[in-house]
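The file query-v4.cif contains mmCIF, C-alpha atoms and all ligand atoms:
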data_structure
loop_
_atom_site.group_PDB
_atom_site.id
_atom_site.type_symbol
_atom_site.label_atom_id
_atom_site.label_comp_id
_atom_site.auth_asym_id
_atom_site.auth_seq_id
_atom_site.Cartn_x
_atom_site.Cartn_y
_atom_site.Cartn_z
ATOM 1 C CA SER P 4 18.972 12.006 -16.857
ATOM 2 C CA LYS P 5 15.440 10.858 -17.358
ATOM 3 C CA ALA P 6 13.248 11.305 -14.296
ATOM 4 C CA LYS P 7 12.210 7.991 -12.905
ATOM 5 C CA LEU P 8 8.517 7.527 -12.609
ATOM 6 C CA PHE P 9 8.408 4.044 -11.267
ATOM 7 C CA ASP P 10 10.527 1.960 -8.993
ATOM 8 C CA GLU P 11 11.321 -1.546 -9.852
ATOM 9 C CA LYS P 12 12.388 -3.828 -7.050
ATOM 10 C CA THR P 13 13.189 -7.390 -7.868
ATOM 11 C CA ASP P 14 14.730 -8.071 -4.479
ATOM 12 C CA THR P 15 11.771 -7.268 -2.305
ATOM 13 C CA LYS P 16 12.243 -9.001 1.011
ATOM 14 C CA THR P 17 8.853 -8.053 2.378
ATOM 15 C CA SER P 18 6.718 -11.024 3.375
ATOM 16 C CA PHE P 19 3.388 -11.627 5.101
ATOM 17 C CA LYS P 20 5.305 -11.827 8.394
ATOM 18 C CA ASP P 21 5.910 -8.084 8.120
ATOM 19 C CA VAL P 22 2.195 -7.392 7.827
ATOM 20 C CA ALA P 23 0.510 -7.586 11.231
ATOM 21 C CA GLY P 24 -3.231 -8.095 11.562
ATOM 22 C CA LEU P 25 -5.199 -7.727 8.327
ATOM 23 C CA GLU P 26 -6.035 -11.444 8.352
ATOM 24 C CA GLY P 27 -8.911 -11.127 5.892
ATOM 25 C CA ALA P 28 -6.924 -9.019 3.450
ATOM 26 C CA LYS P 29 -3.946 -11.365 3.679
ATOM 27 C CA GLU P 30 -6.173 -14.335 2.904
ATOM 28 C CA GLU P 31 -7.502 -12.565 -0.173
ATOM 29 C CA VAL P 32 -4.087 -11.585 -1.484
ATOM 30 C CA GLN P 33 -2.752 -15.089 -0.816
ATOM 31 C CA GLU P 34 -4.850 -16.104 -3.810
ATOM 32 C CA ILE P 35 -3.014 -13.518 -5.928
ATOM 33 C CA VAL P 36 0.308 -14.959 -4.773
ATOM 34 C CA ASP P 37 -0.908 -18.360 -5.982
ATOM 35 C CA PHE P 38 -2.010 -16.964 -9.343
ATOM 36 C CA LEU P 39 1.485 -15.561 -9.844
ATOM 37 C CA LYS P 40 3.238 -18.743 -8.711
ATOM 38 C CA TYR P 41 1.070 -21.396 -10.338
ATOM 39 C CA PRO P 42 -0.773 -19.768 -13.255
ATOM 40 C CA GLU P 43 -1.221 -23.048 -15.180
ATOM 41 C CA LYS P 44 -2.996 -24.589 -12.249
ATOM 42 C CA TYR P 45 -5.651 -21.881 -12.387
ATOM 43 C CA THR P 46 -6.049 -21.623 -16.154
ATOM 44 C CA ALA P 47 -6.250 -25.402 -16.642
ATOM 45 C CA LEU P 48 -10.022 -25.420 -16.903
ATOM 46 C CA GLY P 49 -10.302 -22.347 -19.079
ATOM 47 C CA GLY P 50 -10.601 -19.779 -16.293
ATOM 48 C CA LYS P 51 -8.971 -16.363 -16.580
ATOM 49 C CA ILE P 52 -6.673 -15.033 -13.891
ATOM 50 C CA PRO P 53 -7.840 -11.625 -12.614
ATOM 51 C CA LYS P 54 -5.833 -8.683 -13.859
ATOM 52 C CA GLY P 55 -6.267 -6.323 -10.973
ATOM 53 C CA ALA P 56 -7.407 -5.745 -7.417
ATOM 54 C CA LEU P 57 -8.093 -2.572 -5.522
ATOM 55 C CA LEU P 58 -6.801 -2.186 -1.950
ATOM 56 C CA VAL P 59 -9.194 0.159 -0.206
ATOM 57 C CA GLY P 60 -8.689 1.745 3.201
ATOM 58 C CA PRO P 61 -7.557 4.751 5.260
ATOM 59 C CA PRO P 62 -3.994 6.141 4.990
ATOM 60 C CA GLY P 63 -1.200 4.253 6.691
ATOM 61 C CA THR P 64 -3.052 0.972 7.131
ATOM 62 C CA GLY P 65 -0.538 -1.122 5.205
ATOM 63 C CA LYS P 66 -1.792 -1.168 1.622
ATOM 64 C CA THR P 67 1.646 -0.543 0.136
ATOM 65 C CA LEU P 68 3.174 -2.977 2.598
ATOM 66 C CA LEU P 69 0.660 -5.666 1.608
ATOM 67 C CA ALA P 70 1.311 -5.142 -2.109
ATOM 68 C CA LYS P 71 5.061 -5.468 -1.521
ATOM 69 C CA ALA P 72 4.463 -8.597 0.524
ATOM 70 C CA VAL P 73 2.523 -10.152 -2.361
ATOM 71 C CA ALA P 74 5.551 -9.580 -4.614
ATOM 72 C CA GLY P 75 7.893 -10.861 -1.901
ATOM 73 C CA GLU P 76 5.849 -14.016 -1.247
ATOM 74 C CA ALA P 77 5.495 -14.790 -4.955
ATOM 75 C CA LYS P 78 9.162 -13.824 -5.547
ATOM 76 C CA VAL P 79 8.285 -11.605 -8.494
ATOM 77 C CA PRO P 80 9.418 -8.074 -9.402
ATOM 78 C CA PHE P 81 7.456 -5.141 -8.014
ATOM 79 C CA PHE P 82 6.860 -2.082 -10.196
ATOM 80 C CA SER P 83 5.284 0.870 -8.461
ATOM 81 C CA LEU P 84 4.149 4.370 -9.133
ATOM 82 C CA SER P 85 2.070 6.889 -7.286
ATOM 83 C CA GLY P 86 -0.917 8.538 -8.894
ATOM 84 C CA SER P 87 -0.175 11.890 -7.310
ATOM 85 C CA ASP P 88 3.450 12.092 -8.531
ATOM 86 C CA PHE P 89 2.136 11.326 -11.861
ATOM 87 C CA VAL P 90 -0.255 14.182 -12.137
ATOM 88 C CA GLU P 91 2.171 16.667 -10.587
ATOM 89 C CA MET P 92 5.475 15.731 -12.129
ATOM 90 C CA PHE P 93 4.866 14.329 -15.548
ATOM 91 C CA VAL P 94 2.362 16.594 -17.199
ATOM 92 C CA GLY P 95 2.198 15.724 -20.860
ATOM 93 C CA VAL P 96 3.773 12.307 -20.572
ATOM 94 C CA GLY P 97 1.348 10.391 -18.323
ATOM 95 C CA ALA P 98 0.041 8.071 -20.993
ATOM 96 C CA SER P 99 3.476 7.205 -22.333
ATOM 97 C CA ARG P 100 4.724 6.527 -18.810
ATOM 98 C CA VAL P 101 1.876 4.099 -18.277
ATOM 99 C CA ARG P 102 2.767 2.399 -21.555
ATOM 100 C CA ASP P 103 6.430 2.095 -20.461
ATOM 101 C CA LEU P 104 5.474 0.751 -17.077
ATOM 102 C CA PHE P 105 3.291 -2.005 -18.492
ATOM 103 C CA LYS P 106 5.855 -2.842 -21.161
ATOM 104 C CA GLN P 107 8.553 -3.373 -18.559
ATOM 105 C CA ALA P 108 6.294 -5.323 -16.240
ATOM 106 C CA LYS P 109 5.278 -7.622 -19.110
ATOM 107 C CA GLU P 110 8.924 -8.184 -20.054
ATOM 108 C CA LYS P 111 9.677 -9.228 -16.483
ATOM 109 C CA SER P 112 6.486 -11.213 -15.928
ATOM 110 C CA PRO P 113 5.288 -12.752 -13.743
ATOM 111 C CA SER P 114 5.267 -9.425 -11.930
ATOM 112 C CA ILE P 115 3.259 -6.983 -9.842
ATOM 113 C CA ILE P 116 2.401 -3.416 -10.754
ATOM 114 C CA PHE P 117 1.392 -1.273 -7.778
ATOM 115 C CA ILE P 118 -0.351 2.071 -8.287
ATOM 116 C CA ASP P 119 -0.613 4.046 -5.056
ATOM 117 C CA GLU P 120 -3.231 6.814 -4.783
ATOM 118 C CA ILE P 121 -4.961 5.680 -7.940
ATOM 119 C CA ASP P 122 -7.720 8.229 -7.261
ATOM 120 C CA ALA P 123 -5.324 10.942 -8.465
ATOM 121 C CA ILE P 124 -5.612 9.537 -11.990
ATOM 122 C CA GLY P 125 -8.739 7.420 -11.647
ATOM 123 C CA ARG P 126 -11.383 9.932 -10.581
ATOM 124 C CA ALA P 127 -14.642 9.723 -12.455
ATOM 125 C CA ARG P 128 -14.201 11.395 -15.810
ATOM 126 C CA GLY P 129 -15.918 14.697 -16.390
ATOM 127 C CA LYS P 130 -15.556 15.848 -12.793
ATOM 128 C CA ASN P 131 -13.008 18.612 -12.947
ATOM 129 C CA ASN P 132 -12.085 18.713 -9.285
ATOM 130 C CA PHE P 133 -8.363 18.348 -9.174
ATOM 131 C CA SER P 134 -5.545 20.768 -9.725
ATOM 132 C CA GLY P 135 -3.919 19.946 -13.014
ATOM 133 C CA SER P 136 -4.868 19.378 -16.577
ATOM 134 C CA ASN P 137 -7.974 17.266 -16.794
ATOM 135 C CA ASP P 138 -7.213 16.146 -20.346
ATOM 136 C CA GLU P 139 -3.861 14.941 -19.149
ATOM 137 C CA ARG P 140 -5.420 12.912 -16.400
ATOM 138 C CA GLU P 141 -8.051 11.460 -18.709
ATOM 139 C CA ASN P 142 -5.400 10.446 -21.223
ATOM 140 C CA THR P 143 -3.471 8.728 -18.469
ATOM 141 C CA LEU P 144 -6.557 6.965 -17.180
ATOM 142 C CA ASN P 145 -7.542 5.877 -20.686
ATOM 143 C CA GLN P 146 -4.073 4.480 -21.264
ATOM 144 C CA LEU P 147 -4.305 2.524 -18.023
ATOM 145 C CA LEU P 148 -7.643 1.041 -19.101
ATOM 146 C CA THR P 149 -6.250 0.219 -22.536
ATOM 147 C CA GLU P 150 -3.231 -1.526 -21.056
ATOM 148 C CA MET P 151 -5.334 -3.626 -18.721
ATOM 149 C CA ASP P 152 -7.681 -4.617 -21.529
ATOM 150 C CA GLY P 153 -4.723 -5.463 -23.732
ATOM 151 C CA PHE P 154 -3.283 -8.051 -21.360
ATOM 152 C CA GLY P 155 -3.396 -11.478 -22.916
ATOM 153 C CA THR P 156 -4.770 -14.222 -20.694
ATOM 154 C CA ASN P 157 -1.247 -15.551 -20.197
ATOM 155 C CA THR P 158 0.500 -12.255 -19.446
ATOM 156 C CA ASN P 159 0.664 -12.954 -15.730
ATOM 157 C CA VAL P 160 1.052 -9.360 -14.589
ATOM 158 C CA ILE P 161 -1.274 -8.430 -11.742
ATOM 159 C CA VAL P 162 -2.033 -4.788 -11.066
ATOM 160 C CA LEU P 163 -2.728 -3.783 -7.477
ATOM 161 C CA ALA P 164 -3.920 -0.278 -6.810
ATOM 162 C CA ALA P 165 -4.511 1.539 -3.520
ATOM 163 C CA THR P 166 -6.997 4.222 -2.607
ATOM 164 C CA ASN P 167 -8.760 5.645 0.395
ATOM 165 C CA ARG P 168 -11.536 7.002 -1.838
ATOM 166 C CA ALA P 169 -13.030 4.101 -3.786
ATOM 167 C CA ASP P 170 -16.239 6.135 -4.038
ATOM 168 C CA VAL P 171 -14.700 8.754 -6.355
ATOM 169 C CA LEU P 172 -13.180 6.285 -8.811
ATOM 170 C CA ASP P 173 -14.354 6.073 -12.384
ATOM 171 C CA SER P 174 -16.632 3.055 -12.636
ATOM 172 C CA ALA P 175 -14.778 2.002 -15.791
ATOM 173 C CA LEU P 176 -11.882 0.990 -13.540
ATOM 174 C CA MET P 177 -14.049 -1.477 -11.648
ATOM 175 C CA ARG P 178 -15.485 -3.218 -14.683
ATOM 176 C CA ALA P 179 -14.943 -6.957 -15.162
ATOM 177 C CA GLY P 180 -11.420 -7.702 -16.307
ATOM 178 C CA ARG P 181 -9.991 -4.586 -14.666
ATOM 179 C CA PHE P 182 -9.986 -3.848 -10.917
ATOM 180 C CA ASP P 183 -12.898 -6.160 -10.363
ATOM 181 C CA ARG P 184 -11.860 -7.201 -6.864
ATOM 182 C CA GLN P 185 -11.843 -4.914 -3.853
ATOM 183 C CA ILE P 186 -9.886 -5.795 -0.752
ATOM 184 C CA TYR P 187 -10.573 -3.803 2.408
ATOM 185 C CA VAL P 188 -7.706 -2.741 4.620
ATOM 186 C CA ASP P 189 -9.121 -1.191 7.764
ATOM 187 C CA LEU P 190 -7.707 0.590 10.790
ATOM 188 C CA PRO P 191 -6.499 -2.000 13.302
ATOM 189 C CA ASP P 192 -8.524 -2.967 16.383
ATOM 190 C CA VAL P 193 -6.820 -3.323 19.767
ATOM 191 C CA ARG P 194 -5.687 -6.906 19.130
ATOM 192 C CA GLU P 195 -4.250 -5.958 15.726
ATOM 193 C CA ARG P 196 -2.531 -2.917 17.197
ATOM 194 C CA LYS P 197 -0.787 -5.231 19.635
ATOM 195 C CA GLU P 198 0.451 -7.354 16.733
ATOM 196 C CA ILE P 199 1.634 -4.260 14.859
ATOM 197 C CA PHE P 200 3.496 -3.079 17.982
ATOM 198 C CA GLU P 201 5.147 -6.498 18.190
ATOM 199 C CA VAL P 202 6.449 -6.147 14.618
ATOM 200 C CA HIS P 203 7.820 -2.649 15.188
ATOM 201 C CA LEU P 204 9.219 -3.354 18.654
ATOM 202 C CA ARG P 205 11.336 -6.201 17.280
ATOM 203 C CA PRO P 206 14.353 -4.062 16.372
ATOM 204 C CA LEU P 207 14.208 -1.921 19.558
ATOM 205 C CA LYS P 208 16.051 -2.294 22.840
ATOM 206 C CA LYS P 209 13.200 -2.118 25.335
ATOM 207 C CA GLU P 210 12.637 -2.842 29.006
ATOM 208 C CA GLU P 211 11.708 -6.474 29.646
ATOM 209 C CA THR P 212 8.601 -5.479 31.566
ATOM 210 C CA LEU P 213 7.106 -3.360 28.787
ATOM 211 C CA ASP P 214 3.376 -4.143 28.558
ATOM 212 C CA ILE P 215 2.505 -4.286 24.868
ATOM 213 C CA GLU P 216 -1.196 -4.760 25.529
ATOM 214 C CA PHE P 217 -1.174 -1.491 27.474
ATOM 215 C CA LEU P 218 0.364 0.291 24.468
ATOM 216 C CA ALA P 219 -2.295 -1.170 22.190
ATOM 217 C CA LYS P 220 -5.015 0.111 24.530
ATOM 218 C CA GLN P 221 -3.469 3.605 24.590
ATOM 219 C CA THR P 222 -3.629 4.005 20.815
ATOM 220 C CA PRO P 223 -7.235 3.760 19.574
ATOM 221 C CA GLY P 224 -7.642 5.119 16.036
ATOM 222 C CA PHE P 225 -3.917 4.763 15.269
ATOM 223 C CA SER P 226 -2.963 3.265 11.921
ATOM 224 C CA GLY P 227 -0.060 0.869 11.426
ATOM 225 C CA ALA P 228 1.978 3.790 10.137
ATOM 226 C CA ASP P 229 1.186 5.774 13.319
ATOM 227 C CA ILE P 230 2.291 2.833 15.469
ATOM 228 C CA ALA P 231 5.533 2.458 13.508
ATOM 229 C CA ASN P 232 6.039 6.163 14.166
ATOM 230 C CA VAL P 233 5.367 5.795 17.901
ATOM 231 C CA CYS P 234 7.970 3.036 18.189
ATOM 232 C CA ASN P 235 10.578 5.059 16.393
ATOM 233 C CA GLU P 236 9.846 8.248 18.350
ATOM 234 C CA ALA P 237 9.993 6.346 21.646
ATOM 235 C CA ALA P 238 13.438 4.986 20.779
ATOM 236 C CA LEU P 239 14.664 8.484 19.923
ATOM 237 C CA ILE P 240 13.183 9.995 23.095
ATOM 238 C CA ALA P 241 14.842 7.326 25.256
ATOM 239 C CA ALA P 242 18.160 7.705 23.446
ATOM 240 C CA ARG P 243 18.134 11.472 23.882
ATOM 241 C CA LYS P 244 17.764 10.914 27.615
ATOM 242 C CA GLY P 245 20.742 8.583 27.534
ATOM 243 C CA LYS P 246 18.741 5.491 28.477
ATOM 244 C CA LYS P 247 19.909 1.962 27.754
ATOM 245 C CA ALA P 248 16.402 0.695 26.953
ATOM 246 C CA VAL P 249 13.076 2.205 25.904
ATOM 247 C CA ASN P 250 10.436 2.178 28.661
ATOM 248 C CA LYS P 251 6.733 2.773 29.128
ATOM 249 C CA GLN P 252 7.087 6.516 29.742
ATOM 250 C CA ASP P 253 9.002 6.959 26.487
ATOM 251 C CA PHE P 254 6.147 5.303 24.646
ATOM 252 C CA LEU P 255 3.559 7.478 26.382
ATOM 253 C CA ASP P 256 5.574 10.578 25.445
ATOM 254 C CA ALA P 257 5.817 9.346 21.878
ATOM 255 C CA VAL P 258 2.046 8.698 21.756
ATOM 256 C CA ASP P 259 1.430 12.281 22.939
ATOM 257 C CA ARG P 260 3.722 13.630 20.311
ATOM 258 C CA ILE P 261 2.066 11.599 17.526
ATOM 259 C CA ILE P 262 -1.411 12.668 18.701
ATOM 260 C CA GLY P 263 -0.219 16.291 18.626
ATOM 261 C CA GLY P 264 0.983 15.769 15.059
ATOM 262 C CA LEU P 265 -2.282 14.146 14.002
ATOM 263 C CA GLU P 266 -4.304 17.025 15.452
ATOM 264 C CA LYS P 267 -2.190 19.539 13.573
ATOM 265 C CA LYS P 268 -2.628 17.594 10.344
ATOM 266 C CA ASN P 269 -6.401 17.521 10.767
ATOM 267 C CA LYS P 270 -6.477 21.254 11.377
ATOM 268 C CA ILE P 271 -4.756 21.879 8.063
ATOM 269 C CA ILE P 272 -7.123 19.593 6.170
ATOM 270 C CA THR P 273 -10.409 20.877 7.585
HETATM 271 P P1 LIG H 301 -1.071 5.353 2.335
HETATM 272 O O1 LIG H 301 -2.512 5.178 1.973
HETATM 273 O O2 LIG H 301 -0.804 6.565 3.189
HETATM 274 O O3 LIG H 301 -0.120 5.191 1.170
HETATM 275 P P2 LIG H 301 -0.670 2.634 3.154
HETATM 276 O O4 LIG H 301 -1.956 2.043 3.532
HETATM 277 O O5 LIG H 301 -0.077 2.285 1.845
HETATM 278 O O6 LIG H 301 -0.733 4.188 3.363
HETATM 279 P P3 LIG H 301 1.815 1.756 4.183
HETATM 280 O O7 LIG H 301 2.613 2.738 3.391
HETATM 281 O O8 LIG H 301 1.820 0.366 3.728
HETATM 282 O O9 LIG H 301 0.334 2.274 4.304
HETATM 283 O O10 LIG H 301 2.240 1.807 5.716
HETATM 284 C C1 LIG H 301 3.280 2.646 6.143
HETATM 285 C C2 LIG H 301 4.126 1.935 7.169
HETATM 286 O O11 LIG H 301 3.341 1.689 8.352
HETATM 287 C C3 LIG H 301 4.591 0.566 6.724
HETATM 288 O O12 LIG H 301 5.771 0.638 5.987
HETATM 289 C C4 LIG H 301 4.762 -0.135 8.066
HETATM 290 O O13 LIG H 301 5.983 0.235 8.658
HETATM 291 C C5 LIG H 301 3.650 0.440 8.904
HETATM 292 N N1 LIG H 301 2.444 -0.405 8.864
HETATM 293 C C6 LIG H 301 1.225 -0.071 8.376
HETATM 294 N N2 LIG H 301 0.365 -1.066 8.508
HETATM 295 C C7 LIG H 301 1.032 -2.092 9.072
HETATM 296 C C8 LIG H 301 0.678 -3.424 9.461
HETATM 297 N N3 LIG H 301 -0.552 -3.907 9.264
HETATM 298 N N4 LIG H 301 1.640 -4.197 10.020
HETATM 299 C C9 LIG H 301 2.871 -3.721 10.205
HETATM 300 N N5 LIG H 301 3.262 -2.492 9.883
HETATM 301 C C10 LIG H 301 2.366 -1.670 9.313
#

Give the structure from this file in structure tokens form.
Ligand code: ATP
Amino acid sequence: SKAKLFDEKTDTKTSFKDVAGLEGAKEEVQEIVDFLKYPEKYTALGGKIPKGALLVGPPGTGKTLLAKAVAGEAKVPFFSLSGSDFVEMFVGVGASRVRDLFKQAKEKSPSIIFIDEIDAIGRARGKNNFSGSNDERENTLNQLLTEMDGFGTNTNVIVLAATNRADVLDSALMRAGRFDRQIYVDLPDVRERKEIFEVHLRPLKKEETLDIEFLAKQTPGFSGADIANVCNEAALIAARKGKKAVNKQDFLDAVDRIIGGLEKKNKIIT
């Protein structure tokens, strides 16, 4: 069977309620939801709906989640692919996969295309600093640019792309009519971490007295993904000990474990 490069989800249930914090980013993407829902309203005076926006920020801060929530709020299909899979798995077929992806998204429009890790295909051309065929990557990037330029004004497909390295991207991607909007998705501050904990504590059985503010204060530098991890680890730690509810100590143990994991990861990178 043909390897699947992109996932299509028409039933995405993700909404802005699932995205804690990120108020500024949510406000900006709310506009994209409106473009998808009421295109005629925006084109009435001759204006053109933007084709793409770049979500920029550190790993695990909710860029994918936010893109899914845009699709969920607008009730449109979500087509996604990851730049890194692309380069690794589909050598020789990158450009045709991009063509297929856009074709399908146009057929199902209004729709969202999400490209995670766009830097894997969108690095500035001529800089041969990735492991794979550079021609292949350039062909894929060129196809992406061609597809975005080829959108008619009434196509109503919006392309969201995520990166934590906007500085390495080919400037052609950022030109008007392509990814000409950048939306910053930062690590959460203490108040946002509390909100993220609240989202991920919802499904857990926890002690009534658990102090969520305390947990937020114990986790500086944690991303949303790290916090989701802490909540899950804490539930597993408590369950292993045969507890009926997760308590403060379980969370502290989980935080230690996640910090240990983060330190190990950093050691490998540097
Ligand atoms: P990467 O750059 O590594 O792809 P990302 O920015 O796309 O990361 P997500 O994949 O969206 O991050 O986040 C991973 C998970 O972390 C989410 O599915 C969610 O469970 C949790 N998470 C991250 N940010 C938030 C947030 N702001 N609110 C709630 N949960 C969050």

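Near range 46-51 of chain P, within 12 Å and counting only C-alpha atoms, sit Asp37, Phe38, Leu39, Tyr41, Pro42, Gly55, Phe154, Gly155, Thr156, Asn157, Thr158, Asn159, Ala179, Gly180 and Arg181 of chain P; same-chain residues fewer than 4 positions away were not included.
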
Closest of P:Asp183, P:Glu198, P:Asp256, P:Glu34 to ligand LIG 301 (chain H) - atom-to-atom distances counting all atoms listed in the file: P:Glu198

Test item: residues at most 9 Å from Asn232 in chain P, all atoms listed in the file, excluding those fewer than 6 positions along its chain, as a CSV table (one decimal) with C-alpha atoms, in the frame of the given file:
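Below you can see selection18.csv, which holds the result:
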chain,number,residue,atom,x,y,z
P,257,ALA,CA,5.8,9.3,21.9
P,258,VAL,CA,2.0,8.7,21.8
P,261,ILE,CA,2.1,11.6,17.5

Within-9 Å shell of (-13.3, 4.3, -7.4) in input frame, all atoms listed in the file, as number ranges by chain: P: 57, 121-122, 125-127, 166, 168-177

With 6 Å of padding per side, what axis-aligned box (centre and edge lengths, Å, one decimal) covers all the listed atoms of range 149-164 of chain P? Give it as JSON.
{"center_x": -3.3, "center_y": -7.7, "center_z": -15.3, "size_x": 20.7, "size_y": 27.8, "size_z": 28.9}

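Protein, DNA and RNA residues at most 7 Å from (-4.3, -8.7, -9.2), with only C-alpha atoms, are these: P:Ile35, P:Pro53, P:Lys54, P:Gly55, P:Ala56, P:Ile161, P:Val162, P:Leu163.
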
Evaluate the PyMOL selection byres (((not hetatm)) within 8 of (chain H and resi 301)) and report residues as a ChimeraX atom specification: /P:21-25,60-69,119-120,165-167,188,191,195,198-200,202-203,226-232

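The gap separating CA of Ala219 in chain P from CA of Asp189 in chain P is 16.0 Å, in Å to one decimal.
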
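Take CA of Pro223 in chain P and CA of Val249 in chain P: the distance between them is 21.3 Å.
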
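Across P:Leu104, P:Val36, P:Ala98, P:Ala237, the tightest approach to Arg260 in chain P is made by P:Ala237 when counting all atoms listed in the file.
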
Residues returned when the PyMOL selection byres (((chain P and resi 115) around 9) and not hetatm) runs on this file, as a ChimeraX atom specification: /P:39,70-71,73-74,79-83,108,112-114,116-117,159-163

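Going from CA of Lys246 in chain P over to CA of Val193 in chain P, you cover 28.4 Å.
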
Of the listed residues P:Gln185, P:Ser87, P:Thr143, P:Thr149, that which approaches Ala123 in chain P most closely, counting all atoms listed in the file: P:Ser87

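Counting only C-alpha atoms, the residue from P:Lys29, P:Lys267, P:Lys111, P:Ser18 that sits nearest to Tyr187 in chain P is P:Lys29.
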
For Pro206 in chain P: contacts at 10 Å, only C-alpha atoms, fewer than 5 positions along chain excluded, given as a list in words: Glu201, Cys234 and Asn235 of chain P

Residues of the last selection are to be written out with C-alpha atoms, as a PDB file, in the frame of the given file.
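Written file, part03.pdb:
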ATOM      1  CA  GLU P 201       5.147  -6.498  18.190  1.00  0.00           C
ATOM      2  CA  CYS P 234       7.970   3.036  18.189  1.00  0.00           C
ATOM      3  CA  ASN P 235      10.578   5.059  16.393  1.00  0.00           C
TER       4      ASN P 235
END

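Distances here use all atoms listed in the file; by that measure, the residue among P:Ala164, P:Gly27, P:Ile240, P:Thr17 closest to Ser85 in chain P is P:Ala164.
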